[in-house]
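Enquirer: Take this structure first; my questions come after.
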Amino acid sequence: MIFVILLPFCATYLCSRFKPYIRYKSKRMHAKLLDKYNIPAPRYTSYPTVPYWQKDPPVPVDWNHRVLGAFEKSKDVSLYVHLPYCENLCTYCGCNKRITKNHGVESPYIKTILKEWQQYLDLLPSRPVIKELHLGGGTPTFFSPENLEMLIEGLLGPAHVPYQFDYGFEAHPNSTSREHLKVLRKWGFNRLSIGVQDFAPEILEIINRRQTMEQVREVTTWAREIGYQSINYDLIFGLPLQQPEHIRRTFKEVKLLRPERIAFYSYAHVPWIKPSQRAYSEADLPQGIEKRALYELGRTLLEEAGYHEIGMDHFALPHDSLYHAMQTGALHRNFMGYTANYTRLSIGLGASAISDSWDAYIQNEKTIEAYQERIEQGEVPFFRGHLLSKEDQIIRSHILNLMCRHETSWRDTEYQCTALREGIKRLSVLKKDGLVEIFSTELRVTEAGQPFIRNICLALDAHYWRKQPDGQLFSQVV
């Protein structure tokens, strides 16, 4: 059976060693379940997942038609801008980036992004409403405050800014100045995500993350003084050399600084995709039960500090909009992760950025040179994509419901299809293990099943089951 894999013979030892951190009889963890379900699986920021997109990309006229169709339903747009440059290579990182200390690349790259944005503005029949805007990377604060202001002015100037909006950016504490924060706040940015990963110097050293605890404190303090409403810390469990004492130390600092949100990600070890991860060996990595125990410990410490778990690997304080979105059923998940905002049309600008019209995806050229060249030639710069069939849209809806609300239903015939019925049958194994409850027109994830949400979604993944990968495409569930 594909769900069954073997863990090392030391599982019993690890269970006893980490028993204080694992709630065996509660919703979280059981060694036998981990043994059975710790397999490679997607994180489902999209469905179909990228490896199962069509072999040939959609032609521009098809994509333009889908964009206009989405815009007719709502002028609200989510905008993602990929800023790929970093001065130093963090060896754990799986993002698309370019390492350079040449800041002369900033202005030409921004001008290319604004030309791509103009392509969309020329296509749309009226000014878009930018409900959500996010700057990701790479390192957005690689760019000078002046160049970031030029970018934001070029993006928002020809658009409408609604009364309620959510604008944020990713901040590297080693390169984020008070001036960066002031410039972006002036243009309405109210949220930032600080890449912390871990506070331990020995872990930061092995992953080549050049920052200090003091810098994180400083950026956090500046942001609050300037008026940012929501601060997120990106943290990772499963990093090389990481032990429970590192988690305790990191969350002790988190409790003092009290960011509104925490993204507590599982380290995805994919050296066949990201060779920089070969800077350390698998022997340096906590795995299996040992790795999951780090998450359980962090989760317990966050709950004790007043945070609530949101979806998968995310936490928020009760006054944050992400928590309110979960409470009201408005939580959404897209290529940027969990968000309190839903827009049918999401536009990605920049090298490797992905756009989504709900019934289609496209991804831009991944290399900066190819992206810039195609924009200069007046072309739409994507190199792959996928037009979603009716079946794709149905399965996407159910996976999205599971990832955001831990339940889904198919009472209406428009949410039923053969692929769904086949997926429900595959879930019978997980039902026996107490991970899901299946009713005539409804599926619910149990508390015990929440750590295995990726496995549950995988059972519904029609593309995966019709053509299972020859090699490993995805990271392990744990």
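Chain labels follow the order of the structure tokens: the first chain is A, the next B, and so on; residue numbering restarts at 1 in every chain, and ligands are counted from 1 in their shown order.
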Identify, with DSSP run on backbone atoms, the residues in region 237-412 of chain A assigned to strand (DSSP E), and express the list as a ChimeraX atom specification.

Expert: /A:237,261-266,308-310,314-316,332-334,337-339,345-349,354-356,360-364,382-387,407-409

Enquirer: How about saving the chosen residues, C-alpha atoms kept, as a JSON list (two decimals), in the first residue's frame?

Expert:
[["chain", "number", "residue", "atom", "x", "y", "z"],
["A", 237, "PHE", "CA", 11.06, 23.22, 12.59],
["A", 261, "ARG", "CA", 1.08, 35.84, 13.60],
["A", 262, "ILE", "CA", 3.42, 32.87, 13.46],
["A", 263, "ALA", "CA", 4.11, 30.71, 10.42],
["A", 264, "PHE", "CA", 5.71, 27.56, 11.85],
["A", 265, "TYR", "CA", 6.79, 25.68, 8.74],
["A", 266, "SER", "CA", 8.18, 22.20, 8.36],
["A", 308, "HIS", "CA", -4.53, 29.80, 18.09],
["A", 309, "GLU", "CA", -3.68, 27.30, 15.38],
["A", 310, "ILE", "CA", -4.86, 28.41, 11.93],
["A", 314, "HIS", "CA", 0.00, 28.86, 11.12],
["A", 315, "PHE", "CA", -0.92, 30.58, 14.38],
["A", 316, "ALA", "CA", -2.45, 33.93, 15.30],
["A", 332, "HIS", "CA", -8.46, 31.41, 2.14],
["A", 333, "ARG", "CA", -5.31, 29.76, 0.85],
["A", 334, "ASN", "CA", -3.40, 30.68, -2.29],
["A", 337, "GLY", "CA", -0.24, 30.89, 1.87],
["A", 338, "TYR", "CA", -3.15, 31.58, 4.20],
["A", 339, "THR", "CA", -4.90, 34.91, 3.90],
["A", 345, "LEU", "CA", -8.16, 37.01, -9.66],
["A", 346, "SER", "CA", -4.61, 36.89, -8.34],
["A", 347, "ILE", "CA", -1.89, 38.41, -10.50],
["A", 348, "GLY", "CA", 1.77, 37.55, -10.02],
["A", 349, "LEU", "CA", 4.40, 39.93, -11.37],
["A", 354, "ILE", "CA", 2.27, 32.61, -10.49],
["A", 355, "SER", "CA", -1.11, 34.05, -11.40],
["A", 356, "ASP", "CA", -4.53, 32.51, -10.76],
["A", 360, "ALA", "CA", -6.49, 28.87, -14.86],
["A", 361, "TYR", "CA", -2.91, 29.21, -13.59],
["A", 362, "ILE", "CA", 0.14, 30.62, -15.32],
["A", 363, "GLN", "CA", 3.74, 30.95, -14.14],
["A", 364, "ASN", "CA", 6.25, 33.46, -15.47],
["A", 382, "PHE", "CA", 4.76, 32.87, -18.84],
["A", 383, "PHE", "CA", 6.34, 29.52, -19.70],
["A", 384, "ARG", "CA", 3.83, 27.10, -18.19],
["A", 385, "GLY", "CA", 0.31, 27.01, -16.89],
["A", 386, "HIS", "CA", -2.89, 25.02, -16.61],
["A", 387, "LEU", "CA", -6.50, 25.51, -17.67],
["A", 407, "GLU", "CA", -14.35, 19.94, 6.35],
["A", 408, "THR", "CA", -16.11, 19.96, 3.01],
["A", 409, "SER", "CA", -19.49, 18.92, 1.60]]

Enquirer: Region 351-444 of chain A: which residues are helix (DSSP H, G or I) by DSSP, as a ChimeraX atom specification?

Expert: /A:368-376,390-405,413-415,418-426,428-432

Enquirer: In Å, with one decimal, what is the gap from CA of Asn174 (chain A) to CA of Leu239 (chain A)?

Expert: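 That distance, rounded to one decimal, is 19.9 Å.
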
Enquirer: Quick one: residues within 9 Å of Leu294 (chain A), only C-alpha atoms, excluding same-chain residues fewer than 5 positions away - as a ChimeraX atom specification?

Expert: /A:18,21,237-238,242-244,247,286,289,299

Enquirer: Any chance you could export the current selection's C-alpha atoms as a JSON list (two decimals), in the first residue's frame?

Expert:
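See again.json below for the written result:
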[["chain", "number", "residue", "atom", "x", "y", "z"],
["A", 18, "PHE", "CA", 10.15, 12.82, 23.18],
["A", 21, "TYR", "CA", 6.19, 16.70, 23.78],
["A", 237, "PHE", "CA", 11.06, 23.22, 12.59],
["A", 238, "GLY", "CA", 13.27, 20.37, 11.42],
["A", 242, "GLN", "CA", 17.65, 21.67, 15.86],
["A", 243, "GLN", "CA", 16.70, 20.22, 19.24],
["A", 244, "PRO", "CA", 13.86, 20.85, 21.74],
["A", 247, "ILE", "CA", 12.44, 25.50, 20.15],
["A", 286, "PRO", "CA", 15.72, 15.65, 12.92],
["A", 289, "ILE", "CA", 8.90, 11.33, 15.33],
["A", 299, "ARG", "CA", 2.56, 24.34, 19.26]]

Enquirer: Env of Ile207 (chain A): 9 Å cut, atoms = only C-alpha atoms, seq-sep filter 6 positions within chain, self excluded. Answer as a list in words.

Expert: Leu89, Cys90, Thr91, Tyr92, Cys93, Leu239, Pro240, Gln277, Ala279 and Tyr280 of chain A

Enquirer: Can you measure CA of Gly298 (chain A) to CA of Val254 (chain A) for me? One decimal in Å is fine.

Expert: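 Those two atoms sit 10.6 Å apart.
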
Enquirer: Using only C-alpha atoms, which residues sit within 12 Å of Ile375 (chain A) once same-chain residues fewer than 2 positions away are excluded, as a list in words?

Expert: Pro108, Tyr109, Ile110, Lys111, Thr112, Ile113, Leu114, Lys115, Glu116, Trp117, Gln118, Gln119, Leu349, Gly350, Ala351, Asn364, Glu365, Ile368, Glu369, Ala370, Tyr371, Gln372, Glu373, Gln377, Gly378, Glu379, Val380, Pro381 and Phe382 of chain A

Enquirer: Need the shell around Arg43 (chain A): protein/DNA/RNA residues with any atom at most 10 Å away, counting only C-alpha atoms. Skip same-chain ones fewer than 6 positions apart. Format as a list in words?

Expert: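 The filter keeps Thr49, Met312, Gly337, Met403, Ile453, Arg454, Asn455, Cys457, Leu458, Phe474, Ser475, Gln476 and Val477 of chain A.
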
Enquirer: Report, in Å to a single decimal, how far apart CA of His134 (chain A) and CA of Leu400 (chain A) are.

Expert: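 Pair CA of Leu400 (chain A) / CA of His134 (chain A) returns 20.6 Å.
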
Enquirer: With only C-alpha atoms as the counted atoms, please give the residues lying no more than 12 Å from Tyr52 (chain A), apart from itself and same-chain residues fewer than 6 positions off, as a count of residues only.

Expert: 19

Enquirer: Nearest residue to Ala41 (chain A) out of A:Asn96, A:Ala268, A:Lys432, A:Thr300, using only C-alpha atoms?

Expert: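 Of A:Asn96, A:Ala268, A:Lys432, A:Thr300, the one nearest Ala41 (chain A) is A:Ala268, counting only C-alpha atoms.
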